[in-house]
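Q: Contents of entry-v4.csv (CSV, C-alpha atoms and all ligand atoms) are given next:
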```csv
chain,number,residue,atom,x,y,z
A,1,MET,CA,0.0,0.0,0.0
A,2,ASP,CA,1.3,3.4,-0.9
A,3,PRO,CA,1.9,5.3,2.4
A,4,ARG,CA,0.8,8.5,0.7
A,5,THR,CA,-2.7,7.1,0.1
A,6,ALA,CA,-2.9,4.7,3.0
A,7,PRO,CA,-5.7,5.3,5.5
A,8,PRO,CA,-4.7,6.3,9.1
A,9,PRO,CA,-4.0,3.3,11.3
A,10,ASP,CA,-7.3,3.6,13.3
A,11,ALA,CA,-9.4,3.6,10.1
A,12,TYR,CA,-7.3,0.7,8.6
A,13,LEU,CA,-7.9,-1.5,11.8
A,14,GLY,CA,-11.6,-0.7,11.7
A,15,GLU,CA,-11.6,-1.8,8.0
A,16,LEU,CA,-9.9,-5.1,8.9
A,17,ILE,CA,-12.6,-5.7,11.6
A,18,GLU,CA,-15.3,-5.1,9.0
A,19,ARG,CA,-13.6,-7.3,6.4
A,20,PHE,CA,-13.2,-10.3,8.7
A,21,LEU,CA,-16.2,-10.1,11.1
A,22,PRO,CA,-18.2,-12.4,8.8
A,23,LEU,CA,-15.4,-15.1,9.1
A,24,ARG,CA,-16.9,-17.5,11.6
A,25,ASP,CA,-14.8,-20.6,10.8
A,26,GLY,CA,-13.0,-22.5,13.6
A,27,GLU,CA,-13.9,-23.8,17.0
A,28,ILE,CA,-13.3,-22.8,20.6
A,29,SER,CA,-10.9,-25.3,21.9
A,30,GLY,CA,-8.2,-25.8,24.5
A,31,PRO,CA,-8.8,-24.9,28.1
A,32,THR,CA,-12.3,-23.4,28.1
A,33,GLU,CA,-12.6,-22.3,31.7
A,34,THR,CA,-11.2,-18.9,30.9
A,35,LEU,CA,-13.6,-18.3,28.0
A,36,GLU,CA,-16.8,-16.6,28.9
A,37,ASP,CA,-20.2,-17.0,27.3
A,38,GLY,CA,-20.3,-15.2,23.9
A,39,GLU,CA,-16.5,-14.9,23.9
A,40,ALA,CA,-16.3,-16.8,20.6
A,41,GLU,CA,-17.7,-13.7,18.8
A,42,ARG,CA,-15.1,-11.3,20.2
A,43,PHE,CA,-12.8,-9.6,17.8
A,44,GLY,CA,-10.1,-7.0,18.5
A,45,ILE,CA,-7.1,-5.7,16.7
A,46,ALA,CA,-4.3,-3.4,17.9
A,47,MET,CA,-1.0,-2.0,16.9
A,48,ALA,CA,1.6,-0.4,19.1
A,49,THR,CA,4.6,1.6,17.7
A,50,VAL,CA,8.1,1.8,19.2
A,51,ASP,CA,7.5,5.5,19.8
A,52,GLY,CA,4.6,4.7,22.2
A,53,GLN,CA,1.5,5.2,20.0
A,54,VAL,CA,-1.3,2.6,20.3
A,55,PHE,CA,-4.1,2.1,17.8
A,56,SER,CA,-7.0,-0.3,18.1
A,57,ALA,CA,-10.4,-1.4,16.9
A,58,GLY,CA,-13.1,-3.8,18.0
A,59,ASP,CA,-13.1,-5.6,21.4
A,60,ASP,CA,-9.9,-3.9,22.5
A,61,ALA,CA,-10.5,-3.8,26.3
A,62,LYS,CA,-11.4,-7.4,26.9
A,63,GLU,CA,-8.8,-9.2,28.9
A,64,PHE,CA,-8.1,-12.9,27.9
A,65,ALA,CA,-5.7,-15.6,28.9
A,66,ILE,CA,-2.6,-15.3,26.8
A,67,GLN,CA,-2.0,-19.1,26.9
A,68,SER,CA,1.0,-20.1,24.7
A,69,ILE,CA,1.8,-16.5,23.9
A,70,SER,CA,3.6,-16.7,27.3
A,71,LYS,CA,6.2,-19.1,25.9
A,72,PRO,CA,8.6,-16.7,24.1
A,73,PHE,CA,8.5,-14.4,27.2
A,74,LEU,CA,9.3,-17.2,29.6
A,75,TYR,CA,12.1,-18.3,27.3
A,76,GLY,CA,13.5,-14.8,27.4
A,77,LEU,CA,13.3,-14.8,31.2
A,78,ALA,CA,15.2,-18.1,31.3
A,79,LEU,CA,18.0,-16.7,29.1
A,80,ASP,CA,18.2,-13.6,31.4
A,81,ARG,CA,18.2,-15.6,34.6
A,82,LEU,CA,20.2,-18.6,33.6
A,83,SER,CA,22.2,-18.5,30.3
A,84,ARG,CA,22.0,-19.5,26.7
A,85,GLN,CA,24.2,-22.4,27.4
A,86,GLU,CA,22.2,-23.7,30.3
A,87,VAL,CA,18.9,-23.3,28.6
A,88,HIS,CA,20.0,-25.0,25.4
A,89,ARG,CA,21.6,-27.9,27.0
A,90,LYS,CA,18.0,-29.1,27.7
A,91,VAL,CA,15.9,-27.5,24.9
A,92,SER,CA,16.8,-27.5,21.2
A,93,VAL,CA,16.1,-24.7,18.6
A,94,GLU,CA,14.5,-26.8,15.8
A,95,PRO,CA,11.1,-26.3,14.3
A,96,THR,CA,8.8,-29.3,14.5
A,97,THR,CA,6.1,-30.8,12.3
A,98,GLU,CA,4.3,-32.2,15.3
A,99,ALA,CA,1.4,-30.6,17.1
A,100,PHE,CA,2.2,-28.2,20.0
A,101,ASN,CA,1.3,-30.8,22.7
A,102,SER,CA,3.0,-33.8,21.0
A,103,LEU,CA,4.8,-36.4,23.0
A,104,THR,CA,6.1,-38.2,19.9
A,105,GLU,CA,9.2,-36.2,19.2
A,106,LEU,CA,10.2,-36.5,22.9
A,107,GLU,CA,9.9,-40.3,22.6
A,108,GLU,CA,12.2,-40.2,19.6
A,109,ASP,CA,14.7,-37.5,20.4
A,110,HIS,CA,14.5,-37.2,24.2
A,111,LEU,CA,14.9,-33.4,24.1
A,112,PRO,CA,12.2,-30.8,23.4
A,113,TYR,CA,12.5,-29.4,19.9
A,114,ASN,CA,12.1,-25.7,20.9
A,115,PRO,CA,10.8,-23.5,23.7
A,116,MET,CA,7.7,-22.5,21.8
A,117,ILE,CA,5.9,-25.9,22.2
A,118,ASN,CA,4.6,-27.4,25.4
A,119,SER,CA,7.5,-29.8,26.0
A,120,GLY,CA,10.0,-27.0,25.7
A,121,ALA,CA,8.0,-24.5,27.8
A,122,ILE,CA,7.5,-27.1,30.5
A,123,ALA,CA,11.3,-27.7,30.5
A,124,ILE,CA,11.9,-24.0,30.7
A,125,SER,CA,9.4,-23.7,33.6
A,126,ALA,CA,11.2,-26.5,35.4
A,127,MET,CA,14.6,-24.8,35.0
A,128,LEU,CA,13.4,-21.5,36.4
A,129,HIS,CA,11.5,-23.2,39.2
A,130,HIS,CA,14.6,-25.3,40.0
A,131,ALA,CA,16.9,-22.2,40.0
A,132,ASP,CA,14.9,-20.7,42.9
A,133,PRO,CA,11.7,-22.4,44.0
A,134,GLN,CA,10.8,-19.4,46.2
A,135,GLN,CA,11.5,-16.6,43.8
A,136,ALA,CA,10.8,-18.0,40.4
A,137,ASP,CA,7.1,-17.2,40.3
A,138,GLY,CA,7.8,-13.6,41.4
A,139,TRP,CA,10.4,-13.3,38.6
A,140,MET,CA,7.8,-14.4,36.1
A,141,MET,CA,5.0,-12.1,37.3
A,142,ASP,CA,7.5,-9.1,37.4
A,143,MET,CA,8.7,-10.0,33.9
A,144,PHE,CA,5.1,-10.1,32.5
A,145,GLY,CA,4.4,-6.8,34.3
A,146,ASP,CA,7.4,-5.2,32.5
A,147,TYR,CA,6.0,-6.3,29.1
A,148,LEU,CA,2.4,-5.3,30.0
A,149,GLY,CA,3.3,-1.9,31.4
A,150,ARG,CA,1.2,-2.7,34.6
A,151,PRO,CA,1.2,-5.4,37.3
A,152,ALA,CA,0.5,-8.8,35.7
A,153,ARG,CA,-2.6,-10.7,36.9
A,154,LEU,CA,-4.1,-14.2,36.3
A,155,HIS,CA,-7.5,-14.8,34.8
A,156,PRO,CA,-10.1,-14.7,37.5
A,157,ARG,CA,-11.8,-17.9,36.3
A,158,ALA,CA,-8.6,-19.9,36.0
A,159,THR,CA,-8.3,-22.8,38.4
A,160,ASP,CA,-5.1,-24.6,39.5
A,161,SER,CA,-4.7,-27.4,36.9
A,162,THR,CA,-1.4,-28.6,38.3
A,163,ALA,CA,-2.8,-32.0,39.1
A,164,THR,CA,-5.3,-32.3,36.2
A,165,ALA,CA,-3.6,-31.2,33.0
A,166,HIS,CA,-3.0,-34.8,32.2
A,167,ARG,CA,-1.5,-34.5,28.7
A,168,ASN,CA,1.0,-31.8,29.9
A,169,ARG,CA,1.8,-33.9,33.0
A,170,ALA,CA,2.5,-36.8,30.7
A,171,ILE,CA,5.0,-34.6,28.8
A,172,ALA,CA,6.5,-33.6,32.2
A,173,HIS,CA,6.9,-37.2,33.2
A,174,LEU,CA,8.6,-38.0,29.9
A,175,LEU,CA,10.9,-35.1,30.4
A,176,ARG,CA,11.7,-36.5,33.9
A,177,HIS,CA,12.3,-39.9,32.4
A,178,PHE,CA,14.8,-38.6,30.0
A,179,ASP,CA,16.5,-36.5,32.7
A,180,VAL,CA,15.6,-33.2,31.1
A,181,ILE,CA,13.9,-32.0,34.3
A,182,GLY,CA,14.3,-32.9,38.0
A,183,ASP,CA,11.8,-34.5,40.4
A,184,ASP,CA,9.7,-31.5,41.2
A,185,ILE,CA,7.1,-32.1,38.5
A,186,ASP,CA,4.3,-30.2,40.4
A,187,GLY,CA,6.5,-27.1,40.8
A,188,ALA,CA,7.2,-27.1,37.0
A,189,MET,CA,3.6,-27.7,36.1
A,190,ARG,CA,2.4,-25.0,38.5
A,191,MET,CA,4.7,-22.4,36.9
A,192,TYR,CA,3.7,-23.6,33.4
A,193,ASN,CA,0.0,-23.4,34.1
A,194,ARG,CA,0.2,-20.0,35.7
A,195,GLN,CA,2.0,-18.4,32.8
A,196,CYS,CA,-0.8,-19.6,30.5
A,197,VAL,CA,-3.5,-17.8,32.4
A,198,VAL,CA,-1.7,-14.4,32.6
A,199,THR,CA,-4.2,-11.9,31.0
A,200,ALA,CA,-3.8,-9.1,28.5
A,201,ASP,CA,-6.2,-7.1,26.3
A,202,VAL,CA,-5.3,-6.8,22.7
A,203,ARG,CA,-3.7,-3.3,23.1
A,204,GLU,CA,-1.5,-4.6,25.9
A,205,LEU,CA,-0.6,-7.6,23.7
A,206,ALA,CA,0.5,-5.3,20.9
A,207,GLY,CA,2.6,-3.4,23.6
A,208,MET,CA,4.3,-6.7,24.5
A,209,ALA,CA,5.2,-7.2,20.8
A,210,ALA,CA,6.3,-3.6,20.5
A,211,THR,CA,8.6,-4.1,23.5
A,212,LEU,CA,10.4,-6.8,21.5
A,213,ALA,CA,10.3,-4.6,18.4
A,214,ASN,CA,12.0,-1.9,20.6
A,215,GLY,CA,15.0,-4.0,21.7
A,216,GLY,CA,13.3,-5.1,24.9
A,217,VAL,CA,12.2,-1.7,26.4
A,218,HIS,CA,8.5,-1.0,26.8
A,219,PRO,CA,7.8,2.0,24.5
A,220,ARG,CA,5.4,3.7,27.0
A,221,THR,CA,7.0,3.0,30.4
A,222,GLY,CA,10.7,2.9,29.3
A,223,ARG,CA,11.2,-0.2,31.5
A,224,ARG,CA,13.5,-2.9,30.2
A,225,ALA,CA,11.7,-6.3,30.1
A,226,ILE,CA,14.6,-8.5,28.7
A,227,ARG,CA,18.3,-8.0,28.2
A,228,ARG,CA,19.0,-6.6,24.7
A,229,GLU,CA,21.3,-9.4,23.7
A,230,HIS,CA,18.5,-12.0,24.2
A,231,VAL,CA,15.8,-10.2,22.1
A,232,ARG,CA,17.3,-11.7,18.9
A,233,ASP,CA,17.1,-15.2,20.4
A,234,VAL,CA,13.4,-14.8,21.2
A,235,LEU,CA,12.6,-13.2,17.8
A,236,THR,CA,14.5,-15.9,15.9
A,237,LEU,CA,12.6,-18.7,17.6
A,238,MET,CA,9.3,-16.9,17.2
A,239,PHE,CA,10.1,-16.7,13.5
A,240,THR,CA,11.1,-20.3,13.0
A,241,CYS,CA,8.9,-22.0,15.6
A,242,GLY,CA,6.3,-19.6,17.0
A,243,MET,CA,3.4,-20.8,14.9
A,244,TYR,CA,4.0,-24.4,15.7
A,245,ASP,CA,3.7,-26.9,12.9
A,246,THR,CA,2.6,-24.1,10.5
A,247,SER,CA,5.7,-21.9,11.1
A,248,GLY,CA,7.1,-22.4,7.6
A,249,ASN,CA,3.8,-21.4,6.0
A,250,TRP,CA,3.5,-18.4,8.3
A,251,ALA,CA,7.1,-17.3,7.6
A,252,TYR,CA,6.5,-17.6,3.9
A,253,THR,CA,3.1,-15.7,3.8
A,254,VAL,CA,3.3,-13.2,6.7
A,255,GLY,CA,7.1,-13.0,7.2
A,256,LEU,CA,7.1,-11.8,10.8
A,257,PRO,CA,8.2,-13.3,14.2
A,258,ALA,CA,4.9,-14.3,15.9
A,259,LYS,CA,3.2,-16.4,18.6
A,260,SER,CA,-0.3,-17.6,19.0
A,261,GLY,CA,-2.2,-19.0,22.0
A,262,VAL,CA,-5.4,-21.1,22.3
A,263,GLY,CA,-7.0,-18.2,24.2
A,264,GLY,CA,-7.5,-16.6,20.7
A,265,GLY,CA,-4.6,-14.2,20.7
A,266,ILE,CA,-1.8,-13.8,18.2
A,267,LEU,CA,1.0,-11.3,18.4
A,268,ALA,CA,3.5,-10.4,15.7
A,269,VAL,CA,6.7,-8.2,15.8
A,270,VAL,CA,7.8,-5.8,13.1
A,271,PRO,CA,11.4,-5.3,14.4
A,272,GLY,CA,12.4,-1.7,15.0
A,273,ARG,CA,8.9,-0.5,14.1
A,274,MET,CA,5.9,-2.0,15.9
A,275,GLY,CA,3.9,-4.8,17.5
A,276,LEU,CA,0.7,-6.1,16.1
A,277,ALA,CA,-2.0,-8.2,17.9
A,278,VAL,CA,-5.3,-9.8,17.1
A,279,TYR,CA,-7.8,-11.4,19.5
A,280,SER,CA,-10.5,-13.7,18.2
A,281,PRO,CA,-11.1,-17.1,20.0
A,282,ARG,CA,-12.2,-19.4,17.2
A,283,LEU,CA,-9.3,-21.6,16.3
A,284,ASP,CA,-8.1,-23.7,13.4
A,285,SER,CA,-6.9,-27.3,13.8
A,286,HIS,CA,-3.4,-26.1,14.7
A,287,GLY,CA,-4.6,-24.0,17.6
A,288,HIS,CA,-4.4,-20.6,15.9
A,289,SER,CA,-7.1,-17.9,15.8
A,290,VAL,CA,-8.7,-18.1,12.3
A,291,ARG,CA,-9.4,-14.4,12.1
A,292,GLY,CA,-6.0,-13.7,13.6
A,293,LEU,CA,-4.3,-15.6,10.7
A,294,ALA,CA,-6.5,-13.9,8.1
A,295,VAL,CA,-6.0,-10.4,9.5
A,296,LEU,CA,-2.2,-10.7,9.9
A,297,LYS,CA,-1.8,-12.1,6.4
A,298,ASP,CA,-3.6,-9.3,4.7
A,299,TRP,CA,-2.1,-6.6,7.0
A,300,SER,CA,1.5,-7.8,6.3
A,301,CYS,CA,0.8,-8.0,2.6
A,302,GLU,CA,-1.0,-4.6,2.3
A,303,TRP,CA,1.6,-2.7,4.4
A,304,ASP,CA,4.5,-4.8,3.1
A,305,LEU,CA,5.6,-5.7,6.7
A,306,GLY,CA,7.4,-9.0,6.2
A,307,ILE,CA,11.0,-8.8,7.3
A,308,PHE,CA,12.3,-9.8,3.9
A,309,GLY,CA,9.9,-7.6,2.0
A,310,GLY,CA,7.7,-8.6,-0.9
A,311,SER,CA,4.9,-9.9,1.3
A,312,GLY,CA,2.3,-9.0,-1.4
A,313,ALA,CA,3.8,-11.7,-3.7
A,314,ALA,CA,3.5,-14.4,-1.0
A,315,GLY,CA,-0.2,-13.4,-0.6
A,316,GLU,CA,-0.8,-14.2,-4.3
A,317,ILE,CA,0.8,-17.7,-3.9
A,318,THR,CA,-1.3,-18.4,-0.7
A,319,ALA,CA,-4.4,-17.9,-2.8
A,320,VAL,CA,-3.6,-21.0,-4.9
A,321,GLY,CA,-3.4,-23.4,-2.0
A,322,LEU,CA,-0.2,-23.2,0.1
A,323,ASP,CA,-2.2,-22.4,3.1
A,324,GLY,CA,-1.9,-24.2,6.5
A,325,ASP,CA,-4.7,-26.7,6.6
A,326,ASP,CA,-4.8,-27.3,2.9
A,327,ALA,CA,-1.1,-28.0,2.7
A,328,LYS,CA,-1.3,-30.5,5.6
A,329,ASP,CA,-4.4,-32.2,4.3
A,330,SER,CA,-3.2,-32.6,0.7
A,401,LIG,N1,-2.5,-24.0,28.1
A,401,LIG,C1,-2.4,-24.6,26.8
A,401,LIG,C2,-1.8,-26.0,26.9
A,401,LIG,O1,-0.9,-26.2,27.6
A,401,LIG,C3,-1.6,-23.7,25.9
A,401,LIG,C4,-1.5,-24.1,24.5
A,401,LIG,C5,-1.6,-23.0,23.5
A,401,LIG,O2,-2.0,-21.9,23.8
A,401,LIG,O3,-1.3,-23.3,22.3
A,401,LIG,O4,-2.1,-26.9,26.2
```
Represent the structure contained in this file as structure tokens.
Ligand code: GLU

A:
Amino acid sequence: MDPRTAPPPDAYLGELIERFLPLRDGEISGPTETLEDGEAERFGIAMATVDGQVFSAGDDAKEFAIQSISKPFLYGLALDRLSRQEVHRKVSVEPTTEAFNSLTELEEDHLPYNPMINSGAIAISAMLHHADPQQADGWMMDMFGDYLGRPARLHPRATDSTATAHRNRAIAHLLRHFDVIGDDIDGAMRMYNRQCVVTADVRELAGMAATLANGGVHPRTGRRAIRREHVRDVLTLMFTCGMYDTSGNWAYTVGLPAKSGVGGGILAVVPGRMGLAVYSPRLDSHGHSVRGLAVLKDWSCEWDLGIFGGSGAAGEITAVGLDGDDAKDS
């Protein structure tokens, strides 16, 4: 889009809401306790720039559980508190073609593929908890507060699922079996589950992305949320692994580091410029917000935001069938 004729950001975001409001594909899934009646219909979009401006449209004040969007931020915390070497002795940096909650790859390779999937995030949670069982939760809440620009809080309807999240517990036990984590499985699971139910509204989510776009400093508060040298680690893994088993398709068509969560949020980072966020809880079979994918694909193409440029061309190719579900099903 020619910047001289482009609509102002507020008007553009409103246009995107209108364009994709009729899109009602997908299902609510994942942990539903934090989803309220009627939440499936919610739809909000926001953008936060590195110079502190925030634009939004739609349901922009509704707080929701960030779920797996927490994963890159916890990874950054582990890098800051421990070290690259220590973290990556236990968690690899490879994309995966398995689902986000798969146990298969662990069975085969005995190490989590990356910190953006459940096995990697549970291992990271265990490392942080093990480093200081008394302080780790405080580190985590403070870190989210720095990215949010206000004290972090947990979803009021979230219950402690430490003992009942059986699939994730199975992952934790496999991690224990392969000596990736220690004996305190409950401690690791509690930390993992709490990070998933931290809440944000879509404007705050865009601010979290803008903090990464801004080298780790929140654009409005000026507070540093992550050491500068670790921002590239987080963005690299968001780019290669953040959209789970559709990360390649995402990199090709949208071209931005991103992370989705089953609460319906997706955030994307335009390095040096801004953070983008969408909230709409109906999900595709990979656990991504259907409207979120559609919005960010058009937005990246129309504003040419992809980090390698030329996003418009990728949009044309998507139209003939390289899209997530199609590509997997064919
Ligand atoms: N709490 C979810 C789980 O552990 C997070 C998954 C997601 O958001 O993709 O399964």

Q: Just the residues within 7 Å of segment 174-190 of chain A, please, counting all atoms listed in the file, with nothing from its chain fewer than 5 positions along; format it as a PyMOL selection string.

A: chain A and resi 90+110+122-123+125-126+129+162

Q: From the options A:Leu35, A:Ala294, A:Leu205, A:Val254, which residue's atoms come nearest to Ala158 of chain A, counting only C-alpha atoms?

A: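 Going through A:Leu35, A:Ala294, A:Leu205, A:Val254 one by one, the smallest distance to Ala158 of chain A is for A:Leu35.
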
Q: Using all atoms listed in the file, find each residue in chain A having at least one atom no more than 10 Å away from ligand LIG 401 (chain A); report its shortest atom-to-atom pair and that distance in Å (one decimal), rows by chain then rising number, as JSON lines.

A:
```
{"residue": "A:Ser29", "atom": "CA", "partner": "A:LIG401", "partner_atom": "C5", "distance": 9.7}
{"residue": "A:Gly30", "atom": "CA", "partner": "A:LIG401", "partner_atom": "C1", "distance": 6.4}
{"residue": "A:Pro31", "atom": "CA", "partner": "A:LIG401", "partner_atom": "N1", "distance": 6.4}
{"residue": "A:Thr32", "atom": "CA", "partner": "A:LIG401", "partner_atom": "N1", "distance": 9.8}
{"residue": "A:Ala65", "atom": "CA", "partner": "A:LIG401", "partner_atom": "O2", "distance": 8.9}
{"residue": "A:Ile66", "atom": "CA", "partner": "A:LIG401", "partner_atom": "O2", "distance": 7.3}
{"residue": "A:Gln67", "atom": "CA", "partner": "A:LIG401", "partner_atom": "O2", "distance": 4.2}
{"residue": "A:Ser68", "atom": "CA", "partner": "A:LIG401", "partner_atom": "O2", "distance": 3.6}
{"residue": "A:Ile69", "atom": "CA", "partner": "A:LIG401", "partner_atom": "O2", "distance": 6.6}
{"residue": "A:Ser70", "atom": "CA", "partner": "A:LIG401", "partner_atom": "O2", "distance": 8.4}
{"residue": "A:Lys71", "atom": "CA", "partner": "A:LIG401", "partner_atom": "O2", "distance": 8.9}
{"residue": "A:Ala99", "atom": "CA", "partner": "A:LIG401", "partner_atom": "O3", "distance": 9.4}
{"residue": "A:Phe100", "atom": "CA", "partner": "A:LIG401", "partner_atom": "O3", "distance": 6.4}
{"residue": "A:Asn101", "atom": "CA", "partner": "A:LIG401", "partner_atom": "O4", "distance": 6.2}
{"residue": "A:Met116", "atom": "CA", "partner": "A:LIG401", "partner_atom": "O3", "distance": 9.0}
{"residue": "A:Ile117", "atom": "CA", "partner": "A:LIG401", "partner_atom": "O3", "distance": 7.7}
{"residue": "A:Asn118", "atom": "CA", "partner": "A:LIG401", "partner_atom": "O1", "distance": 6.0}
{"residue": "A:Ser119", "atom": "CA", "partner": "A:LIG401", "partner_atom": "O1", "distance": 9.3}
{"residue": "A:Ala121", "atom": "CA", "partner": "A:LIG401", "partner_atom": "O1", "distance": 9.1}
{"residue": "A:Ile122", "atom": "CA", "partner": "A:LIG401", "partner_atom": "O1", "distance": 8.9}
{"residue": "A:Ser161", "atom": "CA", "partner": "A:LIG401", "partner_atom": "N1", "distance": 9.7}
{"residue": "A:Ala165", "atom": "CA", "partner": "A:LIG401", "partner_atom": "O1", "distance": 7.8}
{"residue": "A:His166", "atom": "CA", "partner": "A:LIG401", "partner_atom": "O4", "distance": 10.0}
{"residue": "A:Arg167", "atom": "CA", "partner": "A:LIG401", "partner_atom": "O4", "distance": 8.0}
{"residue": "A:Asn168", "atom": "CA", "partner": "A:LIG401", "partner_atom": "O1", "distance": 6.3}
{"residue": "A:Arg169", "atom": "CA", "partner": "A:LIG401", "partner_atom": "O1", "distance": 9.8}
{"residue": "A:Met189", "atom": "CA", "partner": "A:LIG401", "partner_atom": "O1", "distance": 9.7}
{"residue": "A:Tyr192", "atom": "CA", "partner": "A:LIG401", "partner_atom": "O1", "distance": 7.8}
{"residue": "A:Asn193", "atom": "CA", "partner": "A:LIG401", "partner_atom": "N1", "distance": 6.5}
{"residue": "A:Arg194", "atom": "CA", "partner": "A:LIG401", "partner_atom": "N1", "distance": 9.0}
{"residue": "A:Gln195", "atom": "CA", "partner": "A:LIG401", "partner_atom": "N1", "distance": 8.6}
{"residue": "A:Cys196", "atom": "CA", "partner": "A:LIG401", "partner_atom": "N1", "distance": 5.3}
{"residue": "A:Val197", "atom": "CA", "partner": "A:LIG401", "partner_atom": "N1", "distance": 7.6}
{"residue": "A:Gly242", "atom": "CA", "partner": "A:LIG401", "partner_atom": "O3", "distance": 10.0}
{"residue": "A:Met243", "atom": "CA", "partner": "A:LIG401", "partner_atom": "O3", "distance": 9.1}
{"residue": "A:Tyr244", "atom": "CA", "partner": "A:LIG401", "partner_atom": "O3", "distance": 8.5}
{"residue": "A:Lys259", "atom": "CA", "partner": "A:LIG401", "partner_atom": "O3", "distance": 9.0}
{"residue": "A:Ser260", "atom": "CA", "partner": "A:LIG401", "partner_atom": "O3", "distance": 6.7}
{"residue": "A:Gly261", "atom": "CA", "partner": "A:LIG401", "partner_atom": "O2", "distance": 3.4}
{"residue": "A:Val262", "atom": "CA", "partner": "A:LIG401", "partner_atom": "O2", "distance": 3.8}
{"residue": "A:Gly263", "atom": "CA", "partner": "A:LIG401", "partner_atom": "O2", "distance": 6.2}
{"residue": "A:Gly264", "atom": "CA", "partner": "A:LIG401", "partner_atom": "O2", "distance": 8.2}
{"residue": "A:Gly265", "atom": "CA", "partner": "A:LIG401", "partner_atom": "O2", "distance": 8.7}
{"residue": "A:Ile266", "atom": "CA", "partner": "A:LIG401", "partner_atom": "O2", "distance": 9.8}
{"residue": "A:His286", "atom": "CA", "partner": "A:LIG401", "partner_atom": "O3", "distance": 8.4}
{"residue": "A:Gly287", "atom": "CA", "partner": "A:LIG401", "partner_atom": "O3", "distance": 5.8}
{"residue": "A:His288", "atom": "CA", "partner": "A:LIG401", "partner_atom": "O3", "distance": 7.6}
```

Q: Mind pulling up the distance from atom CA of Glu204 of chain A to atom CA of Gln134 of chain A?

A: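 Spanning atom CA of Gln134 of chain A to atom CA of Glu204 of chain A is a straight-line distance of 28.0 Å.
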
Q: Smallest atom-to-atom distance to Asp59 of chain A: which of A:Ser289, A:Ser280, A:Ser300, A:Thr164, using only C-alpha atoms?

A: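 Of A:Ser289, A:Ser280, A:Ser300, A:Thr164, the one nearest Asp59 of chain A is A:Ser280, counting only C-alpha atoms.
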
Q: Report, in Å with one decimal, the straight-line distance from atom CA of Gly292 of chain A to atom CA of Gly255 of chain A.

A: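 For atom CA of Gly292 of chain A relative to atom CA of Gly255 of chain A, the distance reads 14.6 Å.
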
Q: Which residue gives the smallest distance to Phe64 of chain A among A:Asp80, A:Asp201, A:Glu39, A:Asp51, with all atoms listed in the file counted?

A: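 Looking only at the distances to Phe64 of chain A, the closest residue turns out to be A:Asp201.
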
Q: Select from segment 74-148 of chain A every residue with an atom at most 10 Å from any atom of segment 226-231 of chain A, then for each give the shortest pair of atoms and their distance in Å to one decimal, using all atoms listed in the file, rows by chain and rising number, as CSV.

A:
```
residue,atom,partner,partner_atom,distance
A:Tyr75,CA,A:His230,CA,9.5
A:Gly76,CA,A:Ile226,CA,6.5
A:Leu77,CA,A:Ile226,CA,6.9
A:Ala78,CA,A:His230,CA,9.9
A:Leu79,CA,A:His230,CA,6.8
A:Asp80,CA,A:Arg227,CA,6.5
A:Arg81,CA,A:Ile226,CA,9.9
A:Ser83,CA,A:His230,CA,9.7
A:Arg84,CA,A:His230,CA,8.6
A:Met143,CA,A:Ile226,CA,8.0
A:Asp146,CA,A:Ile226,CA,8.8
A:Tyr147,CA,A:Ile226,CA,8.9
```

Q: Which residue gives the smallest distance to Glu302 of chain A among A:Thr253, A:Gly26, A:Phe43, A:Asp37, with all atoms listed in the file counted?

A: A:Thr253

Q: So which one's closest to His88 of chain A, A:Asp233, A:Pro9, A:Val202, A:Phe73? Using only C-alpha atoms, please.

A: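 Going through A:Asp233, A:Pro9, A:Val202, A:Phe73 one by one, the smallest distance to His88 of chain A is for A:Asp233.
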
Q: Quick one, how far is atom CA of Leu256 of chain A from atom CA of Ala206 of chain A?

A: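 Atom-to-atom, atom CA of Leu256 of chain A to atom CA of Ala206 of chain A, that is 13.7 Å.
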
Q: Which residues are near Glu18 of chain A? Cut-off 12 Å, all atoms listed in the file, ignore same chain within fewer than 5 positions. Put them as a CSV table (one decimal) with C-alpha atoms, in the coordinates of the input.

A:
```csv
chain,number,residue,atom,x,y,z
A,11,ALA,CA,-9.4,3.6,10.1
A,12,TYR,CA,-7.3,0.7,8.6
A,13,LEU,CA,-7.9,-1.5,11.8
A,23,LEU,CA,-15.4,-15.1,9.1
A,43,PHE,CA,-12.8,-9.6,17.8
A,44,GLY,CA,-10.1,-7.0,18.5
A,45,ILE,CA,-7.1,-5.7,16.7
A,57,ALA,CA,-10.4,-1.4,16.9
A,58,GLY,CA,-13.1,-3.8,18.0
A,291,ARG,CA,-9.4,-14.4,12.1
A,295,VAL,CA,-6.0,-10.4,9.5
```

Q: For His173 of chain A, which residue among A:Leu103, A:Leu212, A:Ala46, A:Leu154 is the nearest when counting all atoms listed in the file?

A: A:Leu103
